[in-house]
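Participant: Sharing protein.cif below, mmCIF, C-alpha atoms:
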```cif
data_structure
loop_
_atom_site.label_atom_id
_atom_site.label_comp_id
_atom_site.auth_asym_id
_atom_site.auth_seq_id
_atom_site.Cartn_x
_atom_site.Cartn_y
_atom_site.Cartn_z
CA MET A 1 -106.36 -39.27 -87.48
CA SER A 2 -105.78 -41.08 -90.79
CA GLY A 3 -107.01 -44.59 -91.60
CA THR A 4 -103.47 -45.96 -91.30
CA GLU A 5 -103.07 -44.38 -87.85
CA ILE A 6 -106.40 -45.85 -86.72
CA GLY A 7 -105.30 -49.25 -88.02
CA LEU A 8 -101.99 -48.87 -86.18
CA ALA A 9 -103.66 -47.88 -82.91
CA LEU A 10 -106.24 -50.69 -83.17
CA SER A 11 -103.60 -53.35 -83.92
CA VAL A 12 -101.41 -52.29 -80.99
CA PHE A 13 -104.43 -51.97 -78.66
CA LEU A 14 -105.75 -55.47 -79.43
CA ALA A 15 -102.32 -57.16 -79.33
CA CYS A 16 -101.50 -55.45 -76.06
CA ALA A 17 -104.89 -56.29 -74.49
CA VAL A 18 -104.50 -60.00 -75.35
CA GLU A 19 -100.97 -60.19 -73.91
CA ALA A 20 -101.99 -58.14 -70.84
CA VAL A 21 -104.81 -60.63 -70.09
CA GLU A 22 -102.30 -63.50 -70.23
CA ALA A 23 -99.75 -61.69 -68.06
CA LEU A 24 -102.47 -60.68 -65.55
CA THR A 25 -103.51 -64.34 -65.18
CA ILE A 26 -99.95 -65.34 -64.22
CA VAL A 27 -99.51 -62.43 -61.77
CA LEU A 28 -102.92 -63.07 -60.15
CA ALA A 29 -102.07 -66.75 -59.65
CA VAL A 30 -98.71 -66.22 -57.92
CA GLY A 31 -99.84 -63.07 -56.10
CA ALA A 32 -102.96 -64.65 -54.60
CA THR A 33 -101.18 -67.91 -53.70
CA ARG A 34 -97.84 -66.62 -52.39
CA SER A 35 -96.86 -62.96 -52.12
CA TRP A 36 -98.51 -59.92 -53.69
CA ARG A 37 -95.55 -57.68 -52.82
CA SER A 38 -93.00 -59.92 -54.57
CA ALA A 39 -95.29 -60.57 -57.56
CA LEU A 40 -95.88 -56.83 -58.05
CA SER A 41 -92.12 -56.19 -57.71
CA GLY A 42 -91.64 -58.63 -60.58
CA VAL A 43 -94.23 -56.72 -62.63
CA GLY A 44 -92.42 -53.43 -61.92
CA ALA A 45 -89.00 -54.84 -62.87
CA ALA A 46 -90.36 -56.35 -66.11
CA THR A 47 -92.07 -53.07 -67.00
CA LEU A 48 -88.78 -51.20 -66.53
CA ALA A 49 -86.94 -53.79 -68.67
CA LEU A 50 -89.59 -53.43 -71.42
CA ALA A 51 -89.35 -49.62 -71.28
CA ALA A 52 -85.55 -49.90 -71.67
CA ILE A 53 -85.95 -52.22 -74.69
CA VAL A 54 -88.44 -49.83 -76.35
CA ALA A 55 -86.18 -46.83 -75.60
CA ALA A 56 -83.15 -48.66 -77.08
CA LEU A 57 -84.88 -50.18 -80.11
CA GLY A 58 -87.03 -47.18 -81.08
CA PRO A 59 -84.27 -44.68 -81.95
CA ALA A 60 -82.14 -47.46 -83.52
CA LEU A 61 -84.98 -48.42 -85.84
CA THR A 62 -85.92 -44.86 -86.78
CA SER A 63 -82.32 -44.16 -87.83
CA LEU A 64 -82.59 -46.83 -90.59
CA PRO A 65 -83.40 -45.73 -94.17
CA ILE A 66 -87.20 -45.89 -94.63
CA ASP A 67 -87.13 -48.59 -97.36
CA ALA A 68 -84.79 -50.87 -95.39
CA LEU A 69 -86.96 -50.28 -92.30
CA ARG A 70 -90.14 -51.15 -94.19
CA LEU A 71 -88.60 -54.30 -95.70
CA VAL A 72 -87.29 -55.63 -92.37
CA VAL A 73 -90.27 -54.53 -90.28
CA GLY A 74 -92.79 -55.60 -92.92
CA GLY A 75 -91.21 -59.05 -93.19
CA LEU A 76 -91.11 -59.53 -89.41
CA LEU A 77 -94.69 -58.28 -88.92
CA LEU A 78 -95.87 -60.63 -91.66
CA ILE A 79 -94.14 -63.62 -90.01
CA PHE A 80 -95.66 -62.62 -86.64
CA GLY A 81 -99.07 -62.00 -88.19
CA LEU A 82 -99.19 -65.34 -90.01
CA GLN A 83 -98.32 -67.13 -86.75
CA TRP A 84 -101.14 -65.35 -84.87
CA LEU A 85 -103.54 -65.97 -87.75
CA ARG A 86 -102.67 -69.66 -88.10
CA LYS A 87 -103.31 -70.31 -84.41
CA ALA A 88 -106.54 -68.28 -84.46
CA VAL A 89 -107.81 -70.16 -87.56
CA LEU A 90 -106.91 -73.54 -85.99
CA ARG A 91 -108.75 -72.55 -82.78
CA SER A 92 -111.72 -71.31 -84.76
CA ALA A 93 -111.82 -74.62 -86.68
CA GLY A 94 -111.71 -76.60 -83.43
CA LEU A 95 -108.28 -78.09 -84.21
CA LYS A 96 -106.60 -76.34 -81.30
CA ALA A 97 -107.92 -75.79 -77.79
CA MET A 98 -109.24 -72.31 -77.03
CA HIS A 99 -107.03 -70.40 -74.62
CA ASP A 100 -108.66 -70.92 -71.22
CA GLU A 101 -107.50 -68.29 -68.70
CA LEU A 102 -109.20 -70.10 -65.82
CA ALA A 103 -107.32 -73.32 -66.63
CA THR A 104 -104.03 -71.38 -66.92
CA PHE A 105 -104.79 -69.67 -63.59
CA ARG A 106 -105.40 -73.06 -61.88
CA GLU A 107 -102.20 -74.54 -63.35
CA GLU A 108 -100.09 -71.54 -62.25
CA ARG A 109 -101.70 -71.59 -58.78
CA GLU A 110 -100.97 -75.31 -58.32
CA ALA A 111 -97.37 -74.80 -59.49
CA ALA A 112 -96.99 -71.90 -57.04
CA ARG A 113 -98.33 -74.05 -54.18
CA ALA A 114 -96.10 -76.97 -55.15
CA ALA A 115 -93.04 -74.69 -54.98
CA GLY A 116 -93.38 -74.59 -51.17
CA LYS A 117 -94.02 -71.77 -48.72
CA PRO A 118 -92.23 -68.46 -49.20
CA HIS A 119 -89.30 -67.84 -46.82
CA GLY A 120 -88.92 -64.42 -45.17
CA GLY A 121 -90.35 -61.18 -46.51
CA PHE A 122 -89.34 -61.44 -50.14
CA ASP A 123 -90.51 -64.38 -52.27
CA GLY A 124 -88.11 -65.06 -55.15
CA TYR A 125 -90.53 -67.50 -56.83
CA SER A 126 -93.35 -64.92 -57.08
CA PHE A 127 -90.91 -62.28 -58.32
CA THR A 128 -89.35 -64.53 -60.98
CA ILE A 129 -92.62 -65.96 -62.33
CA SER A 130 -94.25 -62.50 -62.52
CA PHE A 131 -91.13 -60.98 -64.09
CA LYS A 132 -90.84 -63.73 -66.73
CA GLY A 133 -94.58 -63.68 -67.50
CA VAL A 134 -94.80 -59.92 -67.95
CA LEU A 135 -91.48 -59.67 -69.83
CA LEU A 136 -92.24 -62.48 -72.30
CA GLU A 137 -95.85 -61.40 -72.96
CA GLY A 138 -94.71 -57.78 -73.15
CA LEU A 139 -91.80 -58.38 -75.54
CA GLU A 140 -94.07 -59.23 -78.45
CA VAL A 141 -96.16 -56.14 -77.79
CA ALA A 142 -93.06 -53.97 -77.35
CA PHE A 143 -91.86 -55.22 -80.71
CA ILE A 144 -95.19 -54.35 -82.34
CA VAL A 145 -95.28 -50.91 -80.66
CA VAL A 146 -91.73 -50.09 -81.76
CA THR A 147 -92.02 -51.39 -85.33
CA PHE A 148 -95.49 -49.95 -86.05
CA GLY A 149 -94.59 -46.67 -84.38
CA ALA A 150 -91.19 -46.30 -86.06
CA ASN A 151 -92.50 -47.21 -89.49
CA GLN A 152 -95.34 -44.70 -89.32
CA HIS A 153 -93.35 -42.16 -87.28
CA HIS A 154 -96.07 -42.41 -84.63
CA VAL A 155 -94.40 -44.11 -81.68
CA GLY A 156 -96.56 -41.88 -79.44
CA VAL A 157 -99.84 -43.19 -80.91
CA ALA A 158 -98.62 -46.80 -80.63
CA ALA A 159 -97.41 -46.30 -77.04
CA ALA A 160 -100.69 -44.59 -76.07
CA ALA A 161 -102.76 -47.43 -77.55
CA ALA A 162 -100.63 -49.96 -75.62
CA ALA A 163 -100.97 -47.97 -72.37
CA VAL A 164 -104.78 -47.71 -72.73
CA ALA A 165 -105.04 -51.47 -73.36
CA VAL A 166 -102.92 -52.35 -70.30
CA LEU A 167 -104.86 -49.89 -68.10
CA LEU A 168 -108.23 -51.26 -69.25
CA VAL A 169 -107.16 -54.86 -68.59
CA LEU A 170 -105.72 -53.86 -65.18
CA VAL A 171 -108.91 -52.04 -64.15
CA ALA A 172 -111.06 -54.97 -65.33
CA GLY A 173 -108.78 -57.42 -63.49
CA ILE A 174 -108.88 -55.42 -60.24
CA ALA A 175 -112.67 -55.05 -60.52
CA ALA A 176 -113.20 -58.75 -61.22
CA ARG A 177 -110.43 -59.92 -58.84
CA SER A 178 -110.23 -63.05 -60.96
CA PRO A 179 -108.80 -64.17 -64.32
CA LEU A 180 -110.51 -62.44 -67.23
CA SER A 181 -111.98 -65.57 -68.78
CA ASN A 182 -114.81 -63.73 -70.56
CA VAL A 183 -112.51 -61.75 -72.87
CA PRO A 184 -113.08 -62.95 -76.47
CA GLU A 185 -109.38 -63.77 -76.77
CA ASN A 186 -109.52 -65.80 -79.98
CA THR A 187 -111.53 -63.11 -81.80
CA MET A 188 -108.99 -60.50 -80.70
CA LYS A 189 -106.08 -62.72 -81.78
CA PHE A 190 -107.80 -63.27 -85.13
CA ALA A 191 -108.11 -59.49 -85.58
CA VAL A 192 -104.47 -58.88 -84.59
CA GLY A 193 -103.31 -61.62 -86.99
CA VAL A 194 -105.26 -60.00 -89.82
CA MET A 195 -103.88 -56.51 -89.06
CA LEU A 196 -100.24 -57.63 -88.62
CA SER A 197 -100.34 -59.74 -91.81
CA SER A 198 -101.95 -56.90 -93.80
CA PHE A 199 -99.55 -54.17 -92.62
CA GLY A 200 -96.61 -56.57 -92.92
CA MET A 201 -97.51 -57.43 -96.52
CA PHE A 202 -98.06 -53.75 -97.38
CA TRP A 203 -94.83 -52.44 -95.83
CA GLY A 204 -92.73 -55.44 -96.89
CA ALA A 205 -93.65 -54.99 -100.57
CA GLN A 206 -93.09 -51.22 -100.30
CA GLY A 207 -89.69 -51.81 -98.69
CA ALA A 208 -88.77 -54.18 -101.55
CA GLY A 209 -89.49 -51.30 -103.92
CA ALA A 210 -93.02 -52.15 -105.13
CA SER A 211 -95.73 -49.49 -105.42
CA TRP A 212 -99.26 -50.45 -104.35
CA PRO A 213 -102.09 -49.20 -106.56
CA GLY A 214 -103.63 -46.25 -104.68
CA ASP A 215 -100.70 -46.12 -102.19
CA ASP A 216 -102.04 -46.10 -98.58
CA ALA A 217 -105.60 -46.62 -99.86
CA ALA A 218 -104.54 -50.14 -100.90
CA LEU A 219 -104.80 -51.08 -97.20
CA LEU A 220 -108.57 -50.61 -97.50
CA ALA A 221 -108.56 -53.58 -99.88
CA ILE A 222 -105.75 -55.58 -98.26
CA VAL A 223 -107.18 -55.74 -94.70
CA PRO A 224 -110.67 -57.00 -95.71
CA SER A 225 -109.13 -59.42 -98.22
CA VAL A 226 -106.88 -60.99 -95.58
CA LEU A 227 -109.85 -61.19 -93.19
CA VAL A 228 -112.06 -62.92 -95.78
CA MET A 229 -109.22 -65.29 -96.74
CA ALA A 230 -108.66 -66.31 -93.09
CA LEU A 231 -112.40 -66.74 -92.43
CA LEU A 232 -112.74 -68.92 -95.54
CA MET A 233 -109.79 -71.07 -94.47
CA ALA A 234 -111.32 -71.46 -91.00
CA ARG A 235 -114.61 -72.49 -92.61
CA VAL A 236 -112.95 -75.02 -94.91
CA LEU A 237 -110.98 -76.50 -91.99
CA ARG A 238 -114.15 -76.66 -89.85
CA GLY A 239 -115.91 -78.52 -92.69
CA MET A 240 -113.01 -80.96 -93.03
CA THR A 241 -112.96 -81.56 -89.26
CA ALA A 242 -116.73 -82.11 -89.16
CA GLY A 243 -116.48 -84.45 -92.18
CA ALA A 244 -113.71 -86.50 -90.57
CA HIS A 245 -115.69 -86.66 -87.30
CA ALA A 246 -118.84 -87.81 -89.13
CA ALA A 247 -116.86 -90.44 -91.05
CA ALA A 248 -115.41 -91.74 -87.78
CA LEU A 249 -118.92 -91.97 -86.26
CA ASP A 250 -120.21 -93.80 -89.36
CA THR A 251 -117.37 -96.31 -89.18
CA HIS A 252 -118.11 -96.83 -85.49
CA ALA A 253 -121.85 -97.33 -86.22
CA GLU A 254 -121.09 -99.81 -89.04
CA HIS A 255 -119.03 -101.91 -86.66
CA ARG A 256 -121.68 -101.92 -83.94
CA PRO A 257 -123.88 -104.73 -85.42
CA VAL A 258 -120.76 -106.83 -85.90
CA GLU A 259 -119.72 -106.18 -82.28
CA ALA A 260 -123.25 -107.05 -81.09
CA ALA A 261 -123.27 -110.28 -83.12
CA GLU A 262 -119.82 -111.21 -81.80
CA GLN A 263 -121.04 -110.62 -78.23
CA ALA A 264 -124.17 -112.72 -78.91
CA VAL A 265 -122.12 -115.72 -80.02
CA GLY A 266 -119.64 -115.15 -77.22
CA ALA A 267 -116.75 -114.29 -79.54
CA MET B 1 -71.30 -70.45 -74.45
CA MET B 2 -74.50 -72.02 -73.12
CA ARG B 3 -75.96 -68.56 -72.42
CA VAL B 4 -75.15 -67.36 -75.93
CA GLU B 5 -76.73 -70.50 -77.39
CA MET B 6 -79.83 -70.08 -75.22
CA PHE B 7 -80.08 -66.43 -76.22
CA LEU B 8 -79.82 -67.30 -79.93
CA ILE B 9 -82.41 -70.07 -79.57
CA GLY B 10 -84.68 -67.58 -77.78
CA VAL B 11 -84.29 -65.02 -80.57
CA TRP B 12 -84.96 -67.72 -83.20
CA ASP B 13 -88.11 -68.88 -81.33
CA PHE B 14 -89.29 -65.30 -80.87
CA ILE B 15 -88.88 -64.27 -84.52
CA VAL B 16 -89.34 -67.47 -86.54
CA GLY B 17 -91.73 -69.24 -84.15
CA ASP B 18 -92.79 -72.83 -84.67
CA ASP B 19 -93.04 -72.78 -88.48
CA TRP B 20 -89.73 -71.89 -90.11
CA ARG B 21 -91.12 -72.70 -93.57
CA THR B 22 -93.53 -69.77 -93.36
CA ALA B 23 -90.71 -67.42 -92.34
CA LEU B 24 -88.61 -68.69 -95.24
CA GLY B 25 -91.57 -68.28 -97.62
CA VAL B 26 -92.05 -64.66 -96.52
CA ALA B 27 -88.35 -63.94 -97.15
CA LEU B 28 -88.53 -65.61 -100.58
CA ALA B 29 -91.69 -63.70 -101.58
CA LEU B 30 -90.08 -60.39 -100.59
CA GLY B 31 -86.94 -61.40 -102.51
CA VAL B 32 -88.99 -62.14 -105.66
CA THR B 33 -90.74 -58.76 -105.25
CA ALA B 34 -87.35 -56.99 -105.05
CA LEU B 35 -86.05 -58.88 -108.12
CA LEU B 36 -89.10 -57.93 -110.20
CA VAL B 37 -88.78 -54.29 -109.11
CA ALA B 38 -85.10 -54.37 -110.10
CA ALA B 39 -86.18 -55.63 -113.54
CA ASN B 40 -88.66 -52.71 -113.82
CA ILE B 41 -91.69 -55.02 -113.58
CA ALA B 42 -94.70 -54.11 -111.41
CA ALA B 43 -94.39 -56.38 -108.37
CA TRP B 44 -97.12 -55.43 -105.84
CA TRP B 45 -99.16 -58.49 -106.87
CA VAL B 46 -96.52 -60.99 -105.64
CA MET B 47 -97.27 -60.68 -101.91
CA PRO B 48 -101.08 -61.26 -101.75
CA PRO B 49 -101.11 -64.74 -103.40
CA SER B 50 -97.87 -65.63 -101.58
CA VAL B 51 -99.44 -64.82 -98.19
CA CYS B 52 -102.55 -66.81 -99.10
CA LEU B 53 -100.45 -69.82 -100.15
CA LEU B 54 -98.15 -69.63 -97.11
CA LEU B 55 -101.08 -69.52 -94.67
CA ALA B 56 -102.87 -72.38 -96.45
CA LEU B 57 -99.74 -74.56 -96.43
CA SER B 58 -99.00 -73.71 -92.80
CA LEU B 59 -102.58 -74.62 -91.81
CA ARG B 60 -102.39 -77.88 -93.78
CA ARG B 61 -99.18 -78.85 -91.97
CA ALA B 62 -100.67 -77.90 -88.60
CA ALA B 63 -103.94 -79.76 -89.28
CA ALA B 64 -102.03 -82.87 -90.37
CA GLY B 65 -99.91 -82.66 -87.23
CA VAL B 66 -102.83 -82.31 -84.76
CA GLY B 67 -102.24 -84.73 -81.91
CA HIS B 68 -98.52 -85.00 -82.71
CA GLY B 69 -97.48 -82.62 -79.96
CA PRO B 70 -98.10 -79.20 -78.45
CA ASP B 71 -98.20 -76.14 -80.69
CA GLU B 72 -98.05 -73.39 -78.11
CA ARG B 73 -95.54 -70.62 -77.82
#
```
Please render this file's structure as C-alpha cells.
Facilitator:
Amino acid sequence: MSGTEIGLALSVFLACAVEAVEALTIVLAVGATRSWRSALSGVGAATLALAAIVAALGPALTSLPIDALRLVVGGLLLIFGLQWLRKAVLRSAGLKAMHDELATFREEREAARAAGKPHGGFDGYSFTISFKGVLLEGLEVAFIVVTFGANQHHVGVAAAAAAVAVLLVLVAGIAARSPLSNVPENTMKFAVGVMLSSFGMFWGAQGAGASWPGDDAALLAIVPSVLVMALLMARVLRGMTAGAHAAALDTHAEHRPVEAAEQAVGA
Amino acid sequence: MMRVEMFLIGVWDFIVGDDWRTALGVALALGVTALLVAANIAAWWVMPPSVCLLLALSLRRAAAGVGHGPDER
C-alpha cells in the first residue's frame, strides 16, 4: 500500500467515523423513544439511497479526463476541507462549542417525544428522521469516498475504509447502548480537514496543469505543513480569545471600586 | 418550481457551505495556477499560500462574527 493510498484510506475512515457517530446519535434517539423497527427501516432506506448515489456518481466521475477530474475534485475537496478545518480550529480555540453528542441525543429525544405517540405499527416520524439523518451525514462521506476513490482509481480501498469505520461505530454504539460521547470528534474533524485540504490542494494544482516538486512525494511536505498551519492558527486564536477575556475581566475589576463607592453613597 | 429551488439551494449549501468567499478564493487560486501554467511558468507554489490566506481570512470573519448567529451545517 503506497503512502497516498494510506492517506486516502485514513481520510475516508476518519470522515466516515465522525459522520457515523452523528447519524448513530439521531437513530438512537428516535429508536429508543419511539420505534426501533421504523428507525432501522429509515437507516436501511438511506443506506440504499447512498449506495445508488455512489454507484451513479462513481462511473460518471471515472469517465472524465484525469486532469479535469483532478481540477474539479481537488477544488471541491479543498472547499470541503477548509470548511472542516475552520470549524475544528474555531472549536479548538474555544470560539465555537464542541460537538456534544449527549446534548444532541437529548434534543432529538425531546423532539421525538414532543411529536406525539406513534400510531399503528409503522412510525413515519422515526423513519423520516432516521432516513434524513443517515442520508445527510452519509452524503458528505459518499462524496469523499467517490471523489478520493475515483481520483486514485481505488474506489475499493475508499469503500472498504468507509465500511470499516461504520462497522466500528455500530459495534461501539451497540456495546455502549448510548451516544458515543467519548469519541474525540474535534480531533478527528481536525485530521479530516487537514487531509481533505492537503489532497484538494495537491490534486487541484495538478488538474490545473502544475507539477509538484517530487510528484506524489510532495504530499509528505504538504500534509504536515497544513497541519502545522492550522495548529498555529488555533493557537493564535486561543491567545486572542484569552487576551480579550483577560481584558474584559480587568475592565470589570477596574469598575468594581467605583461600583462599591456608588453603593456606599447610595447612588 | 419550489422543489427545483430547494434542490438548488441544497446543492449550494452542500458544496459552498457557509462561507462562499472561501469557495470563490479556491476557484480564483486554481484559475491563477492554470493561467501561469498556460504561460509556461511554474505554478505549484500558488496554492499553498492561497490556502493559508483563505483559511486565515475565513477564521478572522468567523471570529469577528462569534455571537452573531449559528454557524452549524
Participant: Got a sec to resolve the PyMOL selection byres ((chain A and resi 25) around 12) on this structure and send the residues as a ChimeraX atom specification?
Facilitator: /A:18-24,26-32,39,99-109,129-130,133-134,137,169-170,173-174,176-181
Participant: Could you turn the residues from that selection into a file that holds C-alpha atoms, as a PDB file, in the coordinates of the input?
Facilitator:
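And here's selection-v3.pdb as it stands now:
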```pdb
ATOM      1  CA  VAL A  18    -104.500 -60.000 -75.350  1.00  0.00           C
ATOM      2  CA  GLU A  19    -100.970 -60.190 -73.910  1.00  0.00           C
ATOM      3  CA  ALA A  20    -101.990 -58.140 -70.840  1.00  0.00           C
ATOM      4  CA  VAL A  21    -104.810 -60.630 -70.090  1.00  0.00           C
ATOM      5  CA  GLU A  22    -102.300 -63.500 -70.230  1.00  0.00           C
ATOM      6  CA  ALA A  23     -99.750 -61.690 -68.060  1.00  0.00           C
ATOM      7  CA  LEU A  24    -102.470 -60.680 -65.550  1.00  0.00           C
ATOM      8  CA  ILE A  26     -99.950 -65.340 -64.220  1.00  0.00           C
ATOM      9  CA  VAL A  27     -99.510 -62.430 -61.770  1.00  0.00           C
ATOM     10  CA  LEU A  28    -102.920 -63.070 -60.150  1.00  0.00           C
ATOM     11  CA  ALA A  29    -102.070 -66.750 -59.650  1.00  0.00           C
ATOM     12  CA  VAL A  30     -98.710 -66.220 -57.920  1.00  0.00           C
ATOM     13  CA  GLY A  31     -99.840 -63.070 -56.100  1.00  0.00           C
ATOM     14  CA  ALA A  32    -102.960 -64.650 -54.600  1.00  0.00           C
ATOM     15  CA  ALA A  39     -95.290 -60.570 -57.560  1.00  0.00           C
ATOM     16  CA  HIS A  99    -107.030 -70.400 -74.620  1.00  0.00           C
ATOM     17  CA  ASP A 100    -108.660 -70.920 -71.220  1.00  0.00           C
ATOM     18  CA  GLU A 101    -107.500 -68.290 -68.700  1.00  0.00           C
ATOM     19  CA  LEU A 102    -109.200 -70.100 -65.820  1.00  0.00           C
ATOM     20  CA  ALA A 103    -107.320 -73.320 -66.630  1.00  0.00           C
ATOM     21  CA  THR A 104    -104.030 -71.380 -66.920  1.00  0.00           C
ATOM     22  CA  PHE A 105    -104.790 -69.670 -63.590  1.00  0.00           C
ATOM     23  CA  ARG A 106    -105.400 -73.060 -61.880  1.00  0.00           C
ATOM     24  CA  GLU A 107    -102.200 -74.540 -63.350  1.00  0.00           C
ATOM     25  CA  GLU A 108    -100.090 -71.540 -62.250  1.00  0.00           C
ATOM     26  CA  ARG A 109    -101.700 -71.590 -58.780  1.00  0.00           C
ATOM     27  CA  ILE A 129     -92.620 -65.960 -62.330  1.00  0.00           C
ATOM     28  CA  SER A 130     -94.250 -62.500 -62.520  1.00  0.00           C
ATOM     29  CA  GLY A 133     -94.580 -63.680 -67.500  1.00  0.00           C
ATOM     30  CA  VAL A 134     -94.800 -59.920 -67.950  1.00  0.00           C
ATOM     31  CA  GLU A 137     -95.850 -61.400 -72.960  1.00  0.00           C
ATOM     32  CA  VAL A 169    -107.160 -54.860 -68.590  1.00  0.00           C
ATOM     33  CA  LEU A 170    -105.720 -53.860 -65.180  1.00  0.00           C
ATOM     34  CA  GLY A 173    -108.780 -57.420 -63.490  1.00  0.00           C
ATOM     35  CA  ILE A 174    -108.880 -55.420 -60.240  1.00  0.00           C
ATOM     36  CA  ALA A 176    -113.200 -58.750 -61.220  1.00  0.00           C
ATOM     37  CA  ARG A 177    -110.430 -59.920 -58.840  1.00  0.00           C
ATOM     38  CA  SER A 178    -110.230 -63.050 -60.960  1.00  0.00           C
ATOM     39  CA  PRO A 179    -108.800 -64.170 -64.320  1.00  0.00           C
ATOM     40  CA  LEU A 180    -110.510 -62.440 -67.230  1.00  0.00           C
ATOM     41  CA  SER A 181    -111.980 -65.570 -68.780  1.00  0.00           C
TER      42      SER A 181
END
```
Participant: Looking at all atoms listed in the file, which of B:Ala27, B:Leu53, B:Ile9, B:Ala39 is the one that sits closest to chain A?
Facilitator: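 Closest to chain A, using all atoms listed in the file: B:Ala27.
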Participant: Once the PyMOL selection byres ((chain A) within 6 of (chain B)) has been evaluated on this model, what residues remain selected, and can you format them as a PDB file with C-alpha atoms, in the coordinates of the input?
Facilitator:
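Contents of part02.pdb, as written:
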```pdb
ATOM      1  CA  ILE A  79     -94.140 -63.620 -90.010  1.00  0.00           C
ATOM      2  CA  ALA A 208     -88.770 -54.180-101.550  1.00  0.00           C
ATOM      3  CA  ALA A 210     -93.020 -52.150-105.130  1.00  0.00           C
ATOM      4  CA  TRP A 212     -99.260 -50.450-104.350  1.00  0.00           C
TER       5      TRP A 212
END
```
Participant: Just the number, please: distance in Å from atom CA of A:Leu85 to atom CA of A:Cys16, one decimal.
Facilitator: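 Between these atoms lies a distance of 15.9 Å.
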Participant: Distance atom CA of B:Asp13-atom CA of A:Lys87, one decimal place?
Facilitator: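 Atom CA of A:Lys87 lies at a distance of 15.6 Å from atom CA of B:Asp13.
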